[in-house]
Amino acid sequence: LSFSFIPAVLSLAKDPKPARAVPDDGARTQSPGLLRGIAAVGARHPAPVLAVTVLLVAIAVAGTARIVVNNNMVEWFRSSSEVRVADEALNRQLGGTSMGYVVASSKDPEFFKRPEALRAIEDLQARLEKHAVVGKTLSVADYVKRIHLVLHDGDPKYDVVPDNAETIGQYLFLFGMAARPLDLDNVVDYSFQNANIAVQLRTWDANAMREVLRELDEFRAHAPAGMTVRPAGIAYFNLVWNDEVLWDMVRGFLLALVVVFVILAANFRSLRWAVVGYVPLLFTVLLIYGAVGWMKKDFDMPIAVLSCLSLGMAVDFSIHFIGRLRQYLAAEGLEGKRPSETALHEALLWTASRPGRGILRNAVLFAAAFSVMLFAPLTPYITVGAFIMTMMLLSALFTLLLLPALITLSSRWLFGDRSPAEAVEPVAQAVV
């Protein structure tokens, strides 16, 4: 539409004063002072700008190291919402709202009528309930122990698994006749080859189920011969989703960073200009994710989806800035030559003040449009709004401030007077 519909509309538009749409050469000295001032700071004081940038990068890297990949769908609601309030109350007063399961299996028929099998399940339950994230567990062993206790007038010494498999079978038969069939079916199958342990978790964090898995790994070393255990349930699904989907998105985000760099190199037909244009994007991404880490915000589904999406939006500004700068230099007869310091500064200030207005307006319009999401009831929408607002505004700022500094410091490298190895020198000096 940008290359077809918009030109068609412009060709039909009747501008009564078309001369104002194309400023003359003198207009470049009458450009907005704010944008020109921002670029002037980067162009005339590149070393301090880069030194501050390096310091912020170090802080951001330390923050990104603190990021935890975790998915908790209940926390997608505001802390004051009815869902969160109810969930916290239930987790505090009862066993927990997030359900995980451990399925114990054997190839032997009626295996879970054996005392050693039920005691193994009882031991596994005790292991799991030691963890703070586990509120309560329930299994066929609990039913058998309860029946054994009740049939002996509540004597505490009978609150154990009976020693006889026949007795256990009689208890379960009695329970199956007296209760709903579903009650027994929830914890053991008809052939007594599969038993289900319900695990109530007090949090929907994916890492809560990871603690259960670690306990299962330790239990397997002491499990009775022929008995296997495996996880199941919505809490386990959330963990699989967390590890498979979110980590795949992390890998996709890293791959997208590489692809963006390749696209920049192809667009500018220069690895050098691609490196320079890539820095504001990378700096913006690092700052945002550093803030996510320092704020202890989990890397969850909304942030994972936004990661790749935001790269394509933020890199536009660098492409636009460098493209117009090189056009300006070509128009001044400096294409393929290294401009003087004065000519380069003038070119940078013109690019920031004239095409820079489009960059700034684009960023502000995007940020304003997404700002309404800050008032949404669900935190994923709030995250989307805050993330894109920050990404657009920071990438625009760093394009107008950091790019002039980088181009000024590496001008000899960019325009052919120095090799890439020699271009490291001004950067090193700036850091010192």
# chains A, B, ... in the order shown; residues from 1 in each chain; ligands from 1
$ residues_around --residues "Ile382 (chain A)" --least-positions-apart "6" --cutoff "10 Å" --atoms "only C-alpha atoms" --output "list in words"
Trp76, Arg78, Pro302, Phe370, Ser371, Val372, Met373, Leu374, Phe375 and Ala376 of chain A
$ write_last_selection --atoms "N, CA and C atoms" --output "CSV table (one decimal), in the first residue's frame"
chain,number,residue,atom,x,y,z
A,76,TRP,N,-1.2,-13.0,34.8
A,76,TRP,CA,-1.6,-12.1,33.7
A,76,TRP,C,-2.7,-11.2,34.1
A,78,ARG,N,-4.3,-8.4,36.9
A,78,ARG,CA,-3.8,-7.4,37.9
A,78,ARG,C,-3.9,-8.0,39.3
A,302,PRO,N,3.9,-13.0,26.7
A,302,PRO,CA,3.8,-11.7,26.0
A,302,PRO,C,5.2,-11.1,25.6
A,370,PHE,N,-0.1,2.9,21.4
A,370,PHE,CA,0.0,1.8,22.3
A,370,PHE,C,-0.1,2.2,23.7
A,371,SER,N,-0.1,3.5,24.1
A,371,SER,CA,-0.2,3.9,25.5
A,371,SER,C,-1.6,3.5,26.1
A,372,VAL,N,-2.6,3.4,25.2
A,372,VAL,CA,-3.9,3.1,25.8
A,372,VAL,C,-3.9,1.7,26.4
A,373,MET,N,-3.0,0.9,26.0
A,373,MET,CA,-3.0,-0.5,26.5
A,373,MET,C,-2.5,-0.5,28.0
A,374,LEU,N,-1.9,0.6,28.4
A,374,LEU,CA,-1.5,0.6,29.8
A,374,LEU,C,-2.6,0.6,30.8
A,375,PHE,N,-3.8,0.9,30.3
A,375,PHE,CA,-5.0,0.9,31.2
A,375,PHE,C,-5.9,-0.4,31.0
A,376,ALA,N,-5.3,-1.4,30.4
A,376,ALA,CA,-6.0,-2.7,30.2
A,376,ALA,C,-6.1,-3.4,31.5
$ select_by_dssp --residues "region 43-142 of chain A" --states "strand (DSSP E or B)" --output "PyMOL selection string"
chain A and resi 69+77+98-105+134-138
$ residues_around --residues "Pro355 (chain A)" --least-positions-apart "3" --cutoff "12 Å" --atoms "only C-alpha atoms" --output "PDB file with N, CA, C and O atoms, in the first residue's frame"
ATOM      1  N   ARG A  28      17.767  23.900   5.513  1.00  0.00           N
ATOM      2  CA  ARG A  28      18.496  22.979   6.370  1.00  0.00           C
ATOM      3  C   ARG A  28      19.123  23.702   7.566  1.00  0.00           C
ATOM      4  O   ARG A  28      19.474  23.076   8.567  1.00  0.00           O
ATOM      5  N   SER A  31      16.254  24.222  10.622  1.00  0.00           N
ATOM      6  CA  SER A  31      15.618  22.995  11.117  1.00  0.00           C
ATOM      7  C   SER A  31      15.341  23.077  12.609  1.00  0.00           C
ATOM      8  O   SER A  31      15.904  23.905  13.317  1.00  0.00           O
ATOM      9  N   PRO A  32      14.479  22.184  13.106  1.00  0.00           N
ATOM     10  CA  PRO A  32      14.105  22.219  14.521  1.00  0.00           C
ATOM     11  C   PRO A  32      15.314  22.129  15.429  1.00  0.00           C
ATOM     12  O   PRO A  32      16.200  21.288  15.258  1.00  0.00           O
ATOM     13  N   LEU A  35      15.936  18.526  17.734  1.00  0.00           N
ATOM     14  CA  LEU A  35      16.556  17.379  17.082  1.00  0.00           C
ATOM     15  C   LEU A  35      17.999  17.686  16.703  1.00  0.00           C
ATOM     16  O   LEU A  35      18.881  16.836  16.829  1.00  0.00           O
ATOM     17  N   ARG A  36      18.210  18.891  16.228  1.00  0.00           N
ATOM     18  CA  ARG A  36      19.576  19.293  15.867  1.00  0.00           C
ATOM     19  C   ARG A  36      20.474  19.295  17.107  1.00  0.00           C
ATOM     20  O   ARG A  36      21.646  18.894  17.053  1.00  0.00           O
ATOM     21  N   PHE A 317      14.430   2.913  12.098  1.00  0.00           N
ATOM     22  CA  PHE A 317      14.971   4.254  12.287  1.00  0.00           C
ATOM     23  C   PHE A 317      16.423   4.345  11.827  1.00  0.00           C
ATOM     24  O   PHE A 317      16.836   5.328  11.198  1.00  0.00           O
ATOM     25  N   SER A 318      17.224   3.333  12.147  1.00  0.00           N
ATOM     26  CA  SER A 318      18.619   3.336  11.717  1.00  0.00           C
ATOM     27  C   SER A 318      18.722   3.297  10.195  1.00  0.00           C
ATOM     28  O   SER A 318      19.545   3.991   9.596  1.00  0.00           O
ATOM     29  N   ILE A 319      17.896   2.460   9.582  1.00  0.00           N
ATOM     30  CA  ILE A 319      17.905   2.369   8.118  1.00  0.00           C
ATOM     31  C   ILE A 319      17.573   3.729   7.500  1.00  0.00           C
ATOM     32  O   ILE A 319      18.229   4.193   6.562  1.00  0.00           O
ATOM     33  N   HIS A 320      16.546   4.365   8.047  1.00  0.00           N
ATOM     34  CA  HIS A 320      16.107   5.649   7.512  1.00  0.00           C
ATOM     35  C   HIS A 320      17.192   6.714   7.713  1.00  0.00           C
ATOM     36  O   HIS A 320      17.519   7.484   6.788  1.00  0.00           O
ATOM     37  N   PHE A 321      17.771   6.759   8.902  1.00  0.00           N
ATOM     38  CA  PHE A 321      18.772   7.783   9.206  1.00  0.00           C
ATOM     39  C   PHE A 321      20.009   7.627   8.316  1.00  0.00           C
ATOM     40  O   PHE A 321      20.452   8.583   7.678  1.00  0.00           O
ATOM     41  N   ILE A 322      20.563   6.428   8.283  1.00  0.00           N
ATOM     42  CA  ILE A 322      21.788   6.214   7.509  1.00  0.00           C
ATOM     43  C   ILE A 322      21.522   6.373   6.012  1.00  0.00           C
ATOM     44  O   ILE A 322      22.339   6.940   5.279  1.00  0.00           O
ATOM     45  N   GLY A 323      20.368   5.915   5.565  1.00  0.00           N
ATOM     46  CA  GLY A 323      20.031   6.061   4.149  1.00  0.00           C
ATOM     47  C   GLY A 323      19.965   7.509   3.723  1.00  0.00           C
ATOM     48  O   GLY A 323      20.536   7.898   2.691  1.00  0.00           O
ATOM     49  N   ARG A 324      19.312   8.346   4.525  1.00  0.00           N
ATOM     50  CA  ARG A 324      19.201   9.766   4.181  1.00  0.00           C
ATOM     51  C   ARG A 324      20.544  10.484   4.332  1.00  0.00           C
ATOM     52  O   ARG A 324      20.852  11.409   3.582  1.00  0.00           O
ATOM     53  N   LEU A 325      21.335  10.085   5.325  1.00  0.00           N
ATOM     54  CA  LEU A 325      22.661  10.688   5.490  1.00  0.00           C
ATOM     55  C   LEU A 325      23.526  10.434   4.260  1.00  0.00           C
ATOM     56  O   LEU A 325      24.176  11.355   3.738  1.00  0.00           O
ATOM     57  N   GLN A 327      22.480   9.750   1.272  1.00  0.00           N
ATOM     58  CA  GLN A 327      21.907  10.505   0.153  1.00  0.00           C
ATOM     59  C   GLN A 327      22.379  11.962   0.194  1.00  0.00           C
ATOM     60  O   GLN A 327      22.730  12.549  -0.836  1.00  0.00           O
ATOM     61  N   TYR A 328      22.386  12.526   1.395  1.00  0.00           N
ATOM     62  CA  TYR A 328      22.833  13.922   1.546  1.00  0.00           C
ATOM     63  C   TYR A 328      24.292  14.060   1.127  1.00  0.00           C
ATOM     64  O   TYR A 328      24.660  14.996   0.403  1.00  0.00           O
ATOM     65  N   ALA A 347      26.187  17.343   7.875  1.00  0.00           N
ATOM     66  CA  ALA A 347      25.349  16.295   7.307  1.00  0.00           C
ATOM     67  C   ALA A 347      24.574  15.566   8.398  1.00  0.00           C
ATOM     68  O   ALA A 347      23.378  15.251   8.240  1.00  0.00           O
ATOM     69  N   LEU A 348      25.220  15.291   9.503  1.00  0.00           N
ATOM     70  CA  LEU A 348      24.556  14.596  10.613  1.00  0.00           C
ATOM     71  C   LEU A 348      23.459  15.465  11.225  1.00  0.00           C
ATOM     72  O   LEU A 348      22.357  14.981  11.529  1.00  0.00           O
ATOM     73  N   LEU A 349      23.743  16.751  11.405  1.00  0.00           N
ATOM     74  CA  LEU A 349      22.741  17.646  11.989  1.00  0.00           C
ATOM     75  C   LEU A 349      21.552  17.815  11.059  1.00  0.00           C
ATOM     76  O   LEU A 349      20.394  17.878  11.511  1.00  0.00           O
ATOM     77  N   TRP A 350      21.829  17.898   9.739  1.00  0.00           N
ATOM     78  CA  TRP A 350      20.720  18.003   8.787  1.00  0.00           C
ATOM     79  C   TRP A 350      19.867  16.744   8.817  1.00  0.00           C
ATOM     80  O   TRP A 350      18.632  16.811   8.824  1.00  0.00           O
ATOM     81  N   THR A 351      20.501  15.583   8.850  1.00  0.00           N
ATOM     82  CA  THR A 351      19.758  14.323   8.855  1.00  0.00           C
ATOM     83  C   THR A 351      18.901  14.197  10.111  1.00  0.00           C
ATOM     84  O   THR A 351      17.759  13.740  10.058  1.00  0.00           O
ATOM     85  N   ALA A 352      19.446  14.616  11.251  1.00  0.00           N
ATOM     86  CA  ALA A 352      18.685  14.528  12.497  1.00  0.00           C
ATOM     87  C   ALA A 352      17.522  15.501  12.522  1.00  0.00           C
ATOM     88  O   ALA A 352      16.438  15.185  13.027  1.00  0.00           O
ATOM     89  N   GLY A 358      10.654  12.893  10.846  1.00  0.00           N
ATOM     90  CA  GLY A 358       9.833  11.730  10.517  1.00  0.00           C
ATOM     91  C   GLY A 358      10.066  10.584  11.492  1.00  0.00           C
ATOM     92  O   GLY A 358       9.123   9.895  11.900  1.00  0.00           O
ATOM     93  N   ILE A 359      11.328  10.403  11.872  1.00  0.00           N
ATOM     94  CA  ILE A 359      11.657   9.356  12.841  1.00  0.00           C
ATOM     95  C   ILE A 359      10.963   9.637  14.173  1.00  0.00           C
ATOM     96  O   ILE A 359      10.334   8.750  14.772  1.00  0.00           O
ATOM     97  N   LEU A 360      11.080  10.871  14.639  1.00  0.00           N
ATOM     98  CA  LEU A 360      10.489  11.220  15.928  1.00  0.00           C
ATOM     99  C   LEU A 360       8.964  11.121  15.888  1.00  0.00           C
ATOM    100  O   LEU A 360       8.345  10.589  16.814  1.00  0.00           O
ATOM    101  N   ARG A 361       8.365  11.623  14.818  1.00  0.00           N
ATOM    102  CA  ARG A 361       6.903  11.558  14.721  1.00  0.00           C
ATOM    103  C   ARG A 361       6.421  10.107  14.676  1.00  0.00           C
ATOM    104  O   ARG A 361       5.411   9.755  15.300  1.00  0.00           O
ATOM    105  N   ASN A 362       7.114   9.294  13.923  1.00  0.00           N
ATOM    106  CA  ASN A 362       6.756   7.882  13.859  1.00  0.00           C
ATOM    107  C   ASN A 362       6.804   7.251  15.248  1.00  0.00           C
ATOM    108  O   ASN A 362       5.889   6.536  15.661  1.00  0.00           O
ATOM    109  N   ALA A 396      14.339   5.602  18.777  1.00  0.00           N
ATOM    110  CA  ALA A 396      14.392   6.905  18.093  1.00  0.00           C
ATOM    111  C   ALA A 396      15.444   7.809  18.730  1.00  0.00           C
ATOM    112  O   ALA A 396      16.241   8.459  18.036  1.00  0.00           O
ATOM    113  N   THR A 399      18.913   6.555  17.932  1.00  0.00           N
ATOM    114  CA  THR A 399      19.236   6.800  16.525  1.00  0.00           C
ATOM    115  C   THR A 399      19.724   8.232  16.332  1.00  0.00           C
ATOM    116  O   THR A 399      20.706   8.480  15.617  1.00  0.00           O
ATOM    117  N   LEU A 400      19.061   9.172  16.987  1.00  0.00           N
ATOM    118  CA  LEU A 400      19.405  10.582  16.827  1.00  0.00           C
ATOM    119  C   LEU A 400      20.615  10.998  17.658  1.00  0.00           C
ATOM    120  O   LEU A 400      21.273  11.999  17.333  1.00  0.00           O
TER     121      LEU A 400
END
$ residues_around --residues "Asn267 (chain A)" --least-positions-apart "2" --cutoff "12 Å" --atoms "only C-alpha atoms" --output "ChimeraX atom specification"
/A:260-265,269-274,277,315-316,318-320,322-323
$ residues_around --residues "region 218-223 of chain A" --least-positions-apart "5" --cutoff "12 Å" --atoms "only C-alpha atoms" --output "list in words"
Val102, Ala104, Ser105, Ser106, Glu116, Ala117, Leu118, Arg119, Ala120, Ile121, Glu122, Asp123, Leu124, Gln125, Ala126, Arg127, Leu128, Glu211, Val212, Leu213, Thr228, Val229 and Arg230 of chain A
$ atom_distance --atom1 "CA of Met73 (chain A)" --atom2 "CA of Leu257 (chain A)"
27.7 Å
$ residues_around --residues "Asn72 (chain A)" --least-positions-apart "2" --cutoff "7 Å" --atoms "only C-alpha atoms" --output "ChimeraX atom specification"
/A:70,74-75,204-206
$ residues_around --residues "Lys157 (chain A)" --least-positions-apart "4" --cutoff "10 Å" --atoms "only C-alpha atoms" --output "list in words"
His148, Leu149 and His152 of chain A
$ atom_distance --atom1 "CA of Glu346 (chain A)" --atom2 "CA of Pro280 (chain A)"
20.8 Å
$ select_by_dssp --residues "region 236-315 of chain A" --states "alpha helix (DSSP H)" --output "PyMOL selection string"
chain A and resi 236-240+247-268+271-294+301-315
$ closest_atom_pairs --of "region 35-97 of chain A" --to "region 304-310 of chain A" --cutoff "12 Å" --atoms "only C-alpha atoms" --output "CSV"
residue,atom,partner,partner_atom,distance
A:Val68,CA,A:Ala304,CA,11.9
A:Val69,CA,A:Ala304,CA,9.3
A:Asn70,CA,A:Ala304,CA,10.5
A:Asn71,CA,A:Ala304,CA,10.4
$ closest_residue --among "A:Lys113, A:Thr379, A:Glu341, A:Gly33" --to "Lys297 (chain A)" --atoms "only C-alpha atoms"
A:Thr379
$ closest_residue --among "A:Leu402, A:Met99, A:Val54, A:Ala225" --to "Ala208 (chain A)" --atoms "only C-alpha atoms"
A:Met99
$ closest_residue --among "A:Tyr158, A:Phe398, A:Phe299, A:Tyr143" --to "Leu174 (chain A)" --atoms "only C-alpha atoms"
A:Tyr143
$ closest_residue --among "A:Gly135, A:Gly226, A:Gly312, A:Gly154" --to "Arg92 (chain A)" --atoms "only C-alpha atoms"
A:Gly135
